[in-house]
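A.B. asks: Have a peek at query-v1.pdb (PDB, C-alpha atoms).
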```pdb
ATOM      1  CA  MET A   4     -60.691 164.470 -25.973  1.00  0.00           C
ATOM      2  CA  ASN A   5     -62.640 163.334 -22.905  1.00  0.00           C
ATOM      3  CA  ILE A   6     -60.641 162.859 -19.709  1.00  0.00           C
ATOM      4  CA  ILE A   7     -61.860 161.109 -16.566  1.00  0.00           C
ATOM      5  CA  LEU A   8     -59.680 161.055 -13.477  1.00  0.00           C
ATOM      6  CA  LEU A   9     -60.646 157.600 -12.290  1.00  0.00           C
ATOM      7  CA  GLY A  10     -58.389 157.567  -9.244  1.00  0.00           C
ATOM      8  CA  THR A  11     -56.717 160.532  -7.584  1.00  0.00           C
ATOM      9  CA  GLY A  12     -55.309 158.904  -4.473  1.00  0.00           C
ATOM     10  CA  VAL A  13     -52.046 157.374  -3.331  1.00  0.00           C
ATOM     11  CA  ALA A  14     -50.759 154.171  -1.726  1.00  0.00           C
ATOM     12  CA  ILE A  15     -52.241 155.179   1.648  1.00  0.00           C
ATOM     13  CA  PRO A  16     -55.975 154.324   1.503  1.00  0.00           C
ATOM     14  CA  GLN A  17     -58.561 157.109   1.536  1.00  0.00           C
ATOM     15  CA  LEU A  18     -62.303 156.419   1.568  1.00  0.00           C
ATOM     16  CA  GLU A  19     -63.194 158.622  -1.410  1.00  0.00           C
ATOM     17  CA  LYS A  20     -60.147 157.922  -3.540  1.00  0.00           C
ATOM     18  CA  ALA A  21     -58.951 155.015  -5.633  1.00  0.00           C
ATOM     19  CA  GLN A  22     -55.289 154.941  -6.573  1.00  0.00           C
ATOM     20  CA  SER A  23     -53.863 156.520  -9.728  1.00  0.00           C
ATOM     21  CA  GLY A  24     -55.603 156.144 -13.068  1.00  0.00           C
ATOM     22  CA  ILE A  25     -56.752 158.423 -15.879  1.00  0.00           C
ATOM     23  CA  LEU A  26     -59.073 157.351 -18.697  1.00  0.00           C
ATOM     24  CA  VAL A  27     -58.750 159.250 -21.974  1.00  0.00           C
ATOM     25  CA  LYS A  28     -61.229 158.978 -24.848  1.00  0.00           C
ATOM     26  CA  THR A  29     -60.066 160.356 -28.170  1.00  0.00           C
ATOM     27  CA  PRO A  30     -62.200 160.251 -31.335  1.00  0.00           C
ATOM     28  CA  ASP A  31     -60.919 156.771 -32.174  1.00  0.00           C
ATOM     29  CA  GLU A  32     -59.340 155.250 -29.035  1.00  0.00           C
ATOM     30  CA  LEU A  33     -60.014 154.584 -25.354  1.00  0.00           C
ATOM     31  CA  MET A  34     -56.762 154.497 -23.408  1.00  0.00           C
ATOM     32  CA  LEU A  35     -55.664 154.327 -19.797  1.00  0.00           C
ATOM     33  CA  PHE A  36     -52.820 156.150 -18.068  1.00  0.00           C
ATOM     34  CA  ASP A  37     -51.800 154.197 -14.947  1.00  0.00           C
ATOM     35  CA  CYS A  38     -53.968 151.557 -13.321  1.00  0.00           C
ATOM     36  CA  GLY A  39     -53.697 151.507  -9.537  1.00  0.00           C
ATOM     37  CA  ALA A  40     -55.882 149.642  -7.069  1.00  0.00           C
ATOM     38  CA  GLY A  41     -59.611 150.363  -7.478  1.00  0.00           C
ATOM     39  CA  ILE A  42     -59.382 151.544 -11.071  1.00  0.00           C
ATOM     40  CA  LEU A  43     -61.375 148.689 -12.621  1.00  0.00           C
ATOM     41  CA  GLY A  44     -64.366 149.580 -10.462  1.00  0.00           C
ATOM     42  CA  ARG A  45     -63.981 153.251 -11.310  1.00  0.00           C
ATOM     43  CA  ILE A  46     -64.006 152.421 -15.045  1.00  0.00           C
ATOM     44  CA  LEU A  47     -67.416 150.801 -14.569  1.00  0.00           C
ATOM     45  CA  GLN A  48     -68.629 153.860 -12.671  1.00  0.00           C
ATOM     46  CA  SER A  49     -67.396 156.116 -15.478  1.00  0.00           C
ATOM     47  CA  GLY A  50     -69.813 154.560 -17.947  1.00  0.00           C
ATOM     48  CA  TYR A  51     -67.073 153.539 -20.372  1.00  0.00           C
ATOM     49  CA  ASP A  52     -66.583 149.955 -21.548  1.00  0.00           C
ATOM     50  CA  PHE A  53     -63.490 148.384 -19.996  1.00  0.00           C
ATOM     51  CA  LEU A  54     -63.359 145.898 -22.876  1.00  0.00           C
ATOM     52  CA  LYS A  55     -62.486 148.706 -25.264  1.00  0.00           C
ATOM     53  CA  ILE A  56     -59.280 149.651 -23.462  1.00  0.00           C
ATOM     54  CA  ARG A  57     -56.557 148.270 -25.705  1.00  0.00           C
ATOM     55  CA  THR A  58     -53.772 150.735 -24.846  1.00  0.00           C
ATOM     56  CA  LEU A  59     -52.210 151.495 -21.454  1.00  0.00           C
ATOM     57  CA  PHE A  60     -49.507 154.001 -20.583  1.00  0.00           C
ATOM     58  CA  PHE A  61     -47.620 153.569 -17.325  1.00  0.00           C
ATOM     59  CA  THR A  62     -45.741 156.457 -15.772  1.00  0.00           C
ATOM     60  CA  HIS A  63     -43.879 154.028 -13.482  1.00  0.00           C
ATOM     61  CA  HIS A  64     -44.297 150.746 -11.683  1.00  0.00           C
ATOM     62  CA  HIS A  65     -45.175 151.491  -8.106  1.00  0.00           C
ATOM     63  CA  LEU A  66     -48.176 149.472  -6.942  1.00  0.00           C
ATOM     64  CA  ASP A  67     -50.476 152.478  -6.605  1.00  0.00           C
ATOM     65  CA  HIS A  68     -50.033 152.987 -10.356  1.00  0.00           C
ATOM     66  CA  ASN A  69     -50.272 149.418 -11.653  1.00  0.00           C
ATOM     67  CA  ALA A  70     -52.018 147.172  -9.090  1.00  0.00           C
ATOM     68  CA  ASP A  71     -55.178 146.735 -11.205  1.00  0.00           C
ATOM     69  CA  PHE A  72     -53.324 146.052 -14.450  1.00  0.00           C
ATOM     70  CA  LEU A  73     -53.746 142.268 -14.362  1.00  0.00           C
ATOM     71  CA  VAL A  74     -57.128 142.673 -12.685  1.00  0.00           C
ATOM     72  CA  LEU A  75     -58.301 144.610 -15.751  1.00  0.00           C
ATOM     73  CA  LEU A  76     -56.833 142.107 -18.201  1.00  0.00           C
ATOM     74  CA  LYS A  77     -58.345 139.145 -16.358  1.00  0.00           C
ATOM     75  CA  ALA A  78     -61.772 140.788 -16.452  1.00  0.00           C
ATOM     76  CA  GLN A  79     -61.413 141.315 -20.191  1.00  0.00           C
ATOM     77  CA  ARG A  80     -60.289 137.702 -20.639  1.00  0.00           C
ATOM     78  CA  LEU A  81     -63.262 136.337 -18.691  1.00  0.00           C
ATOM     79  CA  VAL A  82     -65.822 138.326 -20.648  1.00  0.00           C
ATOM     80  CA  HIS A  83     -64.331 137.366 -24.005  1.00  0.00           C
ATOM     81  CA  ASP A  84     -64.231 133.702 -22.961  1.00  0.00           C
ATOM     82  CA  ASP A  85     -67.856 133.866 -21.833  1.00  0.00           C
ATOM     83  CA  ARG A  86     -68.862 135.312 -25.196  1.00  0.00           C
ATOM     84  CA  GLY A  87     -66.775 132.819 -27.115  1.00  0.00           C
ATOM     85  CA  SER A  88     -64.809 135.630 -28.719  1.00  0.00           C
ATOM     86  CA  SER A  89     -61.077 136.077 -29.073  1.00  0.00           C
ATOM     87  CA  MET A  90     -59.444 138.720 -26.914  1.00  0.00           C
ATOM     88  CA  PRO A  91     -57.509 141.238 -29.002  1.00  0.00           C
ATOM     89  CA  PRO A  92     -53.966 142.137 -27.931  1.00  0.00           C
ATOM     90  CA  VAL A  93     -53.294 144.913 -25.452  1.00  0.00           C
ATOM     91  CA  THR A  94     -50.446 147.366 -25.999  1.00  0.00           C
ATOM     92  CA  VAL A  95     -48.561 148.628 -22.970  1.00  0.00           C
ATOM     93  CA  TYR A  96     -46.219 151.626 -22.980  1.00  0.00           C
ATOM     94  CA  GLY A  97     -43.955 152.499 -20.095  1.00  0.00           C
ATOM     95  CA  PRO A  98     -40.434 153.354 -18.951  1.00  0.00           C
ATOM     96  CA  VAL A  99     -37.403 151.106 -19.245  1.00  0.00           C
ATOM     97  CA  GLY A 100     -38.067 147.972 -17.207  1.00  0.00           C
ATOM     98  CA  THR A 101     -41.715 147.689 -18.270  1.00  0.00           C
ATOM     99  CA  ALA A 102     -41.110 144.672 -20.530  1.00  0.00           C
ATOM    100  CA  ASP A 103     -39.439 142.699 -17.759  1.00  0.00           C
ATOM    101  CA  HIS A 104     -42.102 143.732 -15.265  1.00  0.00           C
ATOM    102  CA  VAL A 105     -44.975 142.639 -17.509  1.00  0.00           C
ATOM    103  CA  THR A 106     -43.230 139.403 -18.458  1.00  0.00           C
ATOM    104  CA  ARG A 107     -42.763 138.453 -14.810  1.00  0.00           C
ATOM    105  CA  LEU A 108     -46.384 139.255 -13.973  1.00  0.00           C
ATOM    106  CA  LEU A 109     -47.762 137.219 -16.843  1.00  0.00           C
ATOM    107  CA  ALA A 110     -45.499 134.296 -15.913  1.00  0.00           C
ATOM    108  CA  LEU A 111     -47.185 134.170 -12.498  1.00  0.00           C
ATOM    109  CA  TYR A 112     -50.635 133.840 -14.093  1.00  0.00           C
ATOM    110  CA  SER A 113     -49.959 131.935 -17.291  1.00  0.00           C
ATOM    111  CA  TYR A 114     -53.505 130.486 -17.285  1.00  0.00           C
ATOM    112  CA  LEU A 115     -54.767 133.902 -18.414  1.00  0.00           C
ATOM    113  CA  SER A 116     -53.243 133.359 -21.876  1.00  0.00           C
ATOM    114  CA  LEU A 117     -52.994 137.059 -22.678  1.00  0.00           C
ATOM    115  CA  GLN A 118     -51.490 138.758 -25.692  1.00  0.00           C
ATOM    116  CA  VAL A 119     -49.641 141.822 -24.418  1.00  0.00           C
ATOM    117  CA  LYS A 120     -47.371 143.937 -26.567  1.00  0.00           C
ATOM    118  CA  VAL A 121     -44.893 146.088 -24.642  1.00  0.00           C
ATOM    119  CA  ALA A 122     -43.074 149.162 -25.920  1.00  0.00           C
ATOM    120  CA  GLU A 123     -40.553 150.790 -23.614  1.00  0.00           C
ATOM    121  CA  LEU A 124     -40.230 154.552 -23.982  1.00  0.00           C
ATOM    122  CA  THR A 125     -37.261 156.734 -23.180  1.00  0.00           C
ATOM    123  CA  ASP A 126     -36.775 160.488 -22.930  1.00  0.00           C
ATOM    124  CA  GLY A 127     -38.294 162.055 -26.059  1.00  0.00           C
ATOM    125  CA  SER A 128     -39.945 158.875 -27.368  1.00  0.00           C
ATOM    126  CA  ILE A 129     -43.125 159.259 -29.393  1.00  0.00           C
ATOM    127  CA  ALA A 130     -46.002 156.775 -29.603  1.00  0.00           C
ATOM    128  CA  ARG A 131     -48.949 157.083 -31.978  1.00  0.00           C
ATOM    129  CA  VAL A 132     -52.338 155.752 -30.927  1.00  0.00           C
ATOM    130  CA  GLY A 133     -54.931 156.348 -33.599  1.00  0.00           C
ATOM    131  CA  SER A 134     -55.046 160.080 -34.272  1.00  0.00           C
ATOM    132  CA  ALA A 135     -53.290 160.884 -30.971  1.00  0.00           C
ATOM    133  CA  VAL A 136     -49.568 161.398 -30.447  1.00  0.00           C
ATOM    134  CA  ALA A 137     -48.007 160.680 -27.053  1.00  0.00           C
ATOM    135  CA  THR A 138     -44.622 162.175 -26.201  1.00  0.00           C
ATOM    136  CA  ALA A 139     -42.720 160.815 -23.206  1.00  0.00           C
ATOM    137  CA  ARG A 140     -40.145 162.626 -21.098  1.00  0.00           C
ATOM    138  CA  THR A 141     -38.149 161.313 -18.176  1.00  0.00           C
ATOM    139  CA  SER A 142     -39.440 162.621 -14.851  1.00  0.00           C
ATOM    140  CA  LYS A 143     -37.869 162.621 -11.393  1.00  0.00           C
ATOM    141  CA  HIS A 144     -39.075 159.913  -9.044  1.00  0.00           C
ATOM    142  CA  SER A 145     -37.606 157.095  -6.981  1.00  0.00           C
ATOM    143  CA  VAL A 146     -37.875 154.579  -9.844  1.00  0.00           C
ATOM    144  CA  PRO A 147     -37.683 155.002 -13.646  1.00  0.00           C
ATOM    145  CA  SER A 148     -40.636 157.195 -14.531  1.00  0.00           C
ATOM    146  CA  LEU A 149     -42.157 159.158 -17.382  1.00  0.00           C
ATOM    147  CA  ALA A 150     -44.408 162.150 -17.894  1.00  0.00           C
ATOM    148  CA  TYR A 151     -46.584 162.315 -21.005  1.00  0.00           C
ATOM    149  CA  ARG A 152     -47.968 164.838 -23.457  1.00  0.00           C
ATOM    150  CA  LEU A 153     -50.991 163.509 -25.371  1.00  0.00           C
ATOM    151  CA  GLN A 154     -51.987 165.552 -28.381  1.00  0.00           C
ATOM    152  CA  THR A 155     -54.889 165.148 -30.793  1.00  0.00           C
ATOM    153  CA  PRO A 156     -55.708 167.469 -33.705  1.00  0.00           C
ATOM    154  CA  THR A 157     -57.938 169.517 -31.385  1.00  0.00           C
ATOM    155  CA  SER A 158     -56.629 169.232 -27.808  1.00  0.00           C
ATOM    156  CA  THR A 159     -53.577 168.648 -25.628  1.00  0.00           C
ATOM    157  CA  LEU A 160     -53.143 166.985 -22.239  1.00  0.00           C
ATOM    158  CA  VAL A 161     -49.966 166.793 -20.147  1.00  0.00           C
ATOM    159  CA  TYR A 162     -49.776 164.278 -17.283  1.00  0.00           C
ATOM    160  CA  SER A 163     -46.840 164.432 -14.888  1.00  0.00           C
ATOM    161  CA  GLY A 164     -47.142 161.092 -13.127  1.00  0.00           C
ATOM    162  CA  ASP A 165     -45.232 161.040  -9.834  1.00  0.00           C
ATOM    163  CA  THR A 166     -42.350 163.468  -9.958  1.00  0.00           C
ATOM    164  CA  GLU A 167     -40.587 166.424  -8.495  1.00  0.00           C
ATOM    165  CA  PRO A 168     -41.049 169.549 -10.640  1.00  0.00           C
ATOM    166  CA  THR A 169     -38.783 169.107 -13.654  1.00  0.00           C
ATOM    167  CA  ASP A 170     -37.744 170.904 -16.818  1.00  0.00           C
ATOM    168  CA  ALA A 171     -39.002 167.861 -18.706  1.00  0.00           C
ATOM    169  CA  VAL A 172     -42.610 168.471 -17.634  1.00  0.00           C
ATOM    170  CA  HIS A 173     -42.150 172.172 -18.337  1.00  0.00           C
ATOM    171  CA  ASP A 174     -40.952 171.310 -21.843  1.00  0.00           C
ATOM    172  CA  LEU A 175     -43.939 169.030 -22.453  1.00  0.00           C
ATOM    173  CA  CYS A 176     -46.145 172.072 -21.871  1.00  0.00           C
ATOM    174  CA  HIS A 177     -44.671 174.000 -24.804  1.00  0.00           C
ATOM    175  CA  GLY A 178     -47.098 176.004 -26.898  1.00  0.00           C
ATOM    176  CA  ASN A 179     -50.727 175.834 -25.876  1.00  0.00           C
ATOM    177  CA  VAL A 180     -51.894 173.113 -23.485  1.00  0.00           C
ATOM    178  CA  ASP A 181     -55.532 172.645 -22.516  1.00  0.00           C
ATOM    179  CA  VAL A 182     -54.888 170.880 -19.224  1.00  0.00           C
ATOM    180  CA  LEU A 183     -51.876 169.909 -17.127  1.00  0.00           C
ATOM    181  CA  ILE A 184     -52.646 167.137 -14.640  1.00  0.00           C
ATOM    182  CA  HIS A 185     -49.815 167.390 -12.159  1.00  0.00           C
ATOM    183  CA  GLU A 186     -49.203 165.592  -8.920  1.00  0.00           C
ATOM    184  CA  CYS A 187     -49.130 167.806  -5.817  1.00  0.00           C
ATOM    185  CA  SER A 188     -48.688 165.231  -3.106  1.00  0.00           C
ATOM    186  CA  PHE A 189     -48.023 167.341  -0.019  1.00  0.00           C
ATOM    187  CA  PRO A 190     -48.708 170.885   1.237  1.00  0.00           C
ATOM    188  CA  ASP A 191     -45.721 173.197   1.621  1.00  0.00           C
ATOM    189  CA  SER A 192     -45.894 172.826   5.383  1.00  0.00           C
ATOM    190  CA  TYR A 193     -44.759 169.239   4.898  1.00  0.00           C
ATOM    191  CA  ALA A 194     -41.614 170.267   2.981  1.00  0.00           C
ATOM    192  CA  PRO A 195     -38.860 169.435   2.224  1.00  0.00           C
ATOM    193  CA  ILE A 196     -40.083 166.665  -0.077  1.00  0.00           C
ATOM    194  CA  THR A 197     -38.222 164.525  -2.601  1.00  0.00           C
ATOM    195  CA  ASN A 198     -39.713 162.478  -5.469  1.00  0.00           C
ATOM    196  CA  HIS A 199     -42.946 164.472  -5.265  1.00  0.00           C
ATOM    197  CA  THR A 200     -44.259 168.016  -5.685  1.00  0.00           C
ATOM    198  CA  THR A 201     -45.507 170.743  -3.334  1.00  0.00           C
ATOM    199  CA  PRO A 202     -47.569 173.808  -4.356  1.00  0.00           C
ATOM    200  CA  ALA A 203     -44.792 176.406  -4.130  1.00  0.00           C
ATOM    201  CA  ARG A 204     -42.472 174.380  -6.317  1.00  0.00           C
ATOM    202  CA  LEU A 205     -45.235 173.721  -8.835  1.00  0.00           C
ATOM    203  CA  ARG A 206     -46.109 177.442  -8.800  1.00  0.00           C
ATOM    204  CA  ASP A 207     -42.581 178.300  -9.883  1.00  0.00           C
ATOM    205  CA  LEU A 208     -42.597 175.620 -12.589  1.00  0.00           C
ATOM    206  CA  VAL A 209     -45.778 176.850 -14.293  1.00  0.00           C
ATOM    207  CA  ALA A 210     -45.297 180.612 -13.919  1.00  0.00           C
ATOM    208  CA  ASP A 211     -44.512 181.194 -17.607  1.00  0.00           C
ATOM    209  CA  LEU A 212     -46.615 178.428 -19.150  1.00  0.00           C
ATOM    210  CA  LYS A 213     -49.522 178.926 -21.565  1.00  0.00           C
ATOM    211  CA  VAL A 214     -51.693 176.302 -19.912  1.00  0.00           C
ATOM    212  CA  ASP A 215     -55.434 176.846 -19.682  1.00  0.00           C
ATOM    213  CA  ARG A 216     -56.005 174.692 -16.626  1.00  0.00           C
ATOM    214  CA  ILE A 217     -54.022 172.839 -13.966  1.00  0.00           C
ATOM    215  CA  VAL A 218     -55.525 169.927 -12.071  1.00  0.00           C
ATOM    216  CA  LEU A 219     -53.770 168.773  -8.889  1.00  0.00           C
ATOM    217  CA  THR A 220     -53.838 165.049  -8.233  1.00  0.00           C
ATOM    218  CA  HIS A 221     -52.118 162.338  -6.152  1.00  0.00           C
ATOM    219  CA  LEU A 222     -52.746 164.172  -2.876  1.00  0.00           C
ATOM    220  CA  TYR A 223     -51.681 162.344   0.279  1.00  0.00           C
ATOM    221  CA  PRO A 224     -53.915 162.456   3.375  1.00  0.00           C
ATOM    222  CA  HIS A 225     -51.477 165.079   4.682  1.00  0.00           C
ATOM    223  CA  ALA A 226     -53.038 167.542   2.197  1.00  0.00           C
ATOM    224  CA  ILE A 227     -56.558 167.259   3.610  1.00  0.00           C
ATOM    225  CA  GLY A 228     -57.675 170.700   4.749  1.00  0.00           C
ATOM    226  CA  PHE A 229     -54.949 172.477   2.773  1.00  0.00           C
ATOM    227  CA  GLU A 230     -56.593 172.241  -0.659  1.00  0.00           C
ATOM    228  CA  ASN A 231     -57.636 175.908  -0.974  1.00  0.00           C
ATOM    229  CA  GLU A 232     -54.269 177.062   0.299  1.00  0.00           C
ATOM    230  CA  MET A 233     -52.543 174.882  -2.306  1.00  0.00           C
ATOM    231  CA  ILE A 234     -54.647 176.379  -5.096  1.00  0.00           C
ATOM    232  CA  GLU A 235     -54.001 179.930  -3.945  1.00  0.00           C
ATOM    233  CA  THR A 236     -50.254 179.312  -3.758  1.00  0.00           C
ATOM    234  CA  ILE A 237     -50.148 178.216  -7.400  1.00  0.00           C
ATOM    235  CA  LYS A 238     -52.329 181.115  -8.505  1.00  0.00           C
ATOM    236  CA  GLN A 239     -49.759 183.555  -7.134  1.00  0.00           C
ATOM    237  CA  LYS A 240     -47.889 183.089 -10.427  1.00  0.00           C
ATOM    238  CA  PHE A 241     -50.402 181.309 -12.640  1.00  0.00           C
ATOM    239  CA  ALA A 242     -53.384 183.124 -14.142  1.00  0.00           C
ATOM    240  CA  GLY A 243     -55.306 180.084 -15.406  1.00  0.00           C
ATOM    241  CA  ARG A 244     -57.777 177.816 -13.678  1.00  0.00           C
ATOM    242  CA  VAL A 245     -56.525 175.542 -10.874  1.00  0.00           C
ATOM    243  CA  ASP A 246     -58.555 172.652  -9.456  1.00  0.00           C
ATOM    244  CA  VAL A 247     -57.987 169.835  -7.002  1.00  0.00           C
ATOM    245  CA  ALA A 248     -58.865 166.515  -8.609  1.00  0.00           C
ATOM    246  CA  TYR A 249     -61.428 164.079  -7.257  1.00  0.00           C
ATOM    247  CA  ASP A 250     -62.340 160.577  -8.387  1.00  0.00           C
ATOM    248  CA  LEU A 251     -64.498 160.473 -11.537  1.00  0.00           C
ATOM    249  CA  MET A 252     -63.798 164.133 -12.287  1.00  0.00           C
ATOM    250  CA  LYS A 253     -64.547 164.754 -15.976  1.00  0.00           C
ATOM    251  CA  ILE A 254     -62.756 167.144 -18.306  1.00  0.00           C
ATOM    252  CA  PHE A 255     -64.093 167.619 -21.822  1.00  0.00           C
ATOM    253  CA  LEU A 256     -61.782 169.255 -24.363  1.00  0.00           C
TER
END
```
Show the structure stored in the file as structure tokens.

C.D. replies:
Amino acid sequence: MNIILLGTGVAIPQLEKAQSGILVKTPDELMLFDCGAGILGRILQSGYDFLKIRTLFFTHHHLDHNADFLVLLKAQRLVHDDRGSSMPPVTVYGPVGTADHVTRLLALYSYLSLQVKVAELTDGSIARVGSAVATARTSKHSVPSLAYRLQTPTSTLVYSGDTEPTDAVHDLCHGNVDVLIHECSFPDSYAPITNHTTPARLRDLVADLKVDRIVLTHLYPHAIGFENEMIETIKQKFAGRVDVAYDLMKIFL
């Protein structure tokens, strides 16, 4: 499994950060988790072919996680039209409400003539994409949201999406996990925080987990200058590797 953190930012613009998006390459699929503003450009920078993305997983439907969704599909449509080829269908997974959301978006731009299949996932739902198995759990955010565990025969990724620390994310990390990509939006000095995570709360969540590596993403500008402190806080109870994510960060499993 190859993982590229395309965008590690938030809804507030930051010069070096696009909004949320993670590209995952398994032996037989190229899939995208979230697709915020700036992600299409980051896909080009990653070296991967945006035309080969046929599966998208949404954690939730805030703009900083889905703003480039139609931008990506339009780009695919234009290239296929230019080549005189038919555009294959795209499959979209997401929380309850995703079908209605996608339907309304496509109705606004009916000239795109896109084939989009939508599957709504609930707590404990499983989706199979090639040789990979994605398990969804309900997370804790201001709108319906999901966290995901993606498992192939050789590696395991857990992605929290936007959430407060929850037992659901803890449960997704059962057994051995190669990498947990978890939001850590604000430093502890900015607490109390709802709908998001701070280092001390994440530290307590992961204390007993068998996770090789934790990558902190979705950092607000408020976290600038506190990155090392955030890492050290988590390492008070976690013995594995902890990194702060940056755009186009690559993880090879």

A.B. asks: Need the shell around segment 216-222 of chain A: protein/DNA/RNA residues with any atom at most 7 Å away, counting only C-alpha atoms. Skip same-chain ones fewer than 4 positions apart. Format as a list of chain:residue names?

C.D. replies: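 Counting only the stated atoms, we get A:Thr11, A:Gly12, A:Val13, A:Asp181, A:Val182, A:Leu183, A:Ile184, A:His185, A:Glu186, A:Cys187, A:Ser188, A:Phe189, A:Ala226, A:Gly243, A:Arg244, A:Val245, A:Asp246, A:Val247, A:Ala248.
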
A.B. asks: Env of Thr141 of chain A: 9 Å cut, atoms = all atoms listed in the file, seq-sep filter 5 positions within chain, self excluded. Answer as an mmCIF file with C-alpha atoms, keeping the file's coordinate frame.

C.D. replies:
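Everything below was put into result.cif:
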```
data_model
loop_
_atom_site.group_PDB
_atom_site.id
_atom_site.type_symbol
_atom_site.label_atom_id
_atom_site.label_comp_id
_atom_site.auth_asym_id
_atom_site.auth_seq_id
_atom_site.Cartn_x
_atom_site.Cartn_y
_atom_site.Cartn_z
ATOM 1 C CA PRO A 98 -40.434 153.354 -18.951
ATOM 2 C CA THR A 125 -37.261 156.734 -23.180
ATOM 3 C CA ASP A 126 -36.775 160.488 -22.930
ATOM 4 C CA GLY A 127 -38.294 162.055 -26.059
ATOM 5 C CA PRO A 147 -37.683 155.002 -13.646
ATOM 6 C CA SER A 148 -40.636 157.195 -14.531
ATOM 7 C CA LEU A 149 -42.157 159.158 -17.382
ATOM 8 C CA ALA A 150 -44.408 162.150 -17.894
ATOM 9 C CA TYR A 151 -46.584 162.315 -21.005
ATOM 10 C CA ALA A 171 -39.002 167.861 -18.706
ATOM 11 C CA VAL A 172 -42.610 168.471 -17.634
#
```

A.B. asks: Hey, can you check how far atom CA of Lys55 of chain A sits from atom CA of Leu153 of chain A?

C.D. replies: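 Taking atom CA of Lys55 of chain A as the start and atom CA of Leu153 of chain A as the end point, the length is 18.7 Å.
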
A.B. asks: Run through the PyMOL selection byres ((chain A and resi 155) around 12) on the given coordinates and return the selected residues as number ranges by chain.

C.D. replies: A: 4-5, 27-32, 131-138, 152-154, 156-161, 180-181, 256

A.B. asks: Kindly list the centre and edge lengths in Å, rounded to one decimal, for the axis-aligned box that covers all listed atoms of segment 215-232 of chain A plus 6 Å on each of its six sides, as AutoDock Vina command-line options.

C.D. replies:
```
--center_x -54.6 --center_y 169.7 --center_z -7.5 --size_x 18.2 --size_y 26.7 --size_z 36.4
```

A.B. asks: Translate the PyMOL selection byres ((chain A and resi 206) around 10), as applied to the file shown, into an explicit residue set as JSON, numbers by chain.

C.D. replies: {"A": [168, 201, 202, 203, 204, 205, 207, 208, 209, 210, 211, 233, 234, 235, 236, 237, 238, 239, 240, 241]}

A.B. asks: Mind giving me the straight-line distance from atom CA of Ala102 of chain A to atom CA of Asp165 of chain A in Å, one decimal?

C.D. replies: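 Separation of atom CA of Ala102 of chain A and atom CA of Asp165 of chain A: 20.0 Å.
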
A.B. asks: Please write as a compact mmCIF listing (two decimals) with C-alpha atoms, in the coordinates of the input the full residue list that the PyMOL selection byres ((chain A and resi 35) around 12) yields on this file.

C.D. replies:
```
# COMPACT_ATOMS: atom_id res chain seq x y z
CA ASN A 5 -62.64 163.33 -22.90
CA ILE A 6 -60.64 162.86 -19.71
CA ILE A 7 -61.86 161.11 -16.57
CA LEU A 8 -59.68 161.06 -13.48
CA LEU A 9 -60.65 157.60 -12.29
CA GLY A 10 -58.39 157.57 -9.24
CA SER A 23 -53.86 156.52 -9.73
CA GLY A 24 -55.60 156.14 -13.07
CA ILE A 25 -56.75 158.42 -15.88
CA LEU A 26 -59.07 157.35 -18.70
CA VAL A 27 -58.75 159.25 -21.97
CA LYS A 28 -61.23 158.98 -24.85
CA THR A 29 -60.07 160.36 -28.17
CA GLU A 32 -59.34 155.25 -29.04
CA LEU A 33 -60.01 154.58 -25.35
CA MET A 34 -56.76 154.50 -23.41
CA PHE A 36 -52.82 156.15 -18.07
CA ASP A 37 -51.80 154.20 -14.95
CA CYS A 38 -53.97 151.56 -13.32
CA GLY A 39 -53.70 151.51 -9.54
CA ILE A 42 -59.38 151.54 -11.07
CA LEU A 43 -61.38 148.69 -12.62
CA ARG A 45 -63.98 153.25 -11.31
CA ILE A 46 -64.01 152.42 -15.04
CA TYR A 51 -67.07 153.54 -20.37
CA ASP A 52 -66.58 149.96 -21.55
CA PHE A 53 -63.49 148.38 -20.00
CA LEU A 54 -63.36 145.90 -22.88
CA LYS A 55 -62.49 148.71 -25.26
CA ILE A 56 -59.28 149.65 -23.46
CA ARG A 57 -56.56 148.27 -25.70
CA THR A 58 -53.77 150.74 -24.85
CA LEU A 59 -52.21 151.50 -21.45
CA PHE A 60 -49.51 154.00 -20.58
CA PHE A 61 -47.62 153.57 -17.32
CA THR A 62 -45.74 156.46 -15.77
CA HIS A 68 -50.03 152.99 -10.36
CA ASN A 69 -50.27 149.42 -11.65
CA ASP A 71 -55.18 146.74 -11.20
CA PHE A 72 -53.32 146.05 -14.45
CA LEU A 75 -58.30 144.61 -15.75
CA VAL A 93 -53.29 144.91 -25.45
CA THR A 94 -50.45 147.37 -26.00
CA VAL A 95 -48.56 148.63 -22.97
CA TYR A 96 -46.22 151.63 -22.98
CA GLY A 97 -43.96 152.50 -20.10
CA VAL A 132 -52.34 155.75 -30.93
CA LEU A 153 -50.99 163.51 -25.37
CA TYR A 162 -49.78 164.28 -17.28
```

A.B. asks: In Å, with one decimal, what is the gap from atom CA of Ile196 of chain A to atom CA of Glu167 of chain A?

C.D. replies: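 Interatomic distance, atom CA of Ile196 of chain A to atom CA of Glu167 of chain A: 8.4 Å.
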
A.B. asks: Name the closest residue to Leu109 of chain A among the candidates A:Ser142, A:Pro195, A:Gly41, A:Leu73; distances are taken between atoms, counting all atoms listed in the file.

C.D. replies: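 Ranking A:Ser142, A:Pro195, A:Gly41, A:Leu73 by distance to Leu109 of chain A, first place goes to A:Leu73.
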
A.B. asks: Counting all atoms listed in the file, figure out which residue out of A:His64, A:His177, A:Lys213, A:His225 gets nearest to Ser192 of chain A.

C.D. replies: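 Ranked by minimum distance to Ser192 of chain A, first place goes to A:His225.
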
A.B. asks: So, counting all atoms listed in the file, which residue among A:Thr169, A:Ala70, A:Ala242, A:Leu115 is closest to Thr197 of chain A?

C.D. replies: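 Answer, going by the shortest atom-to-atom distance: A:Thr169.
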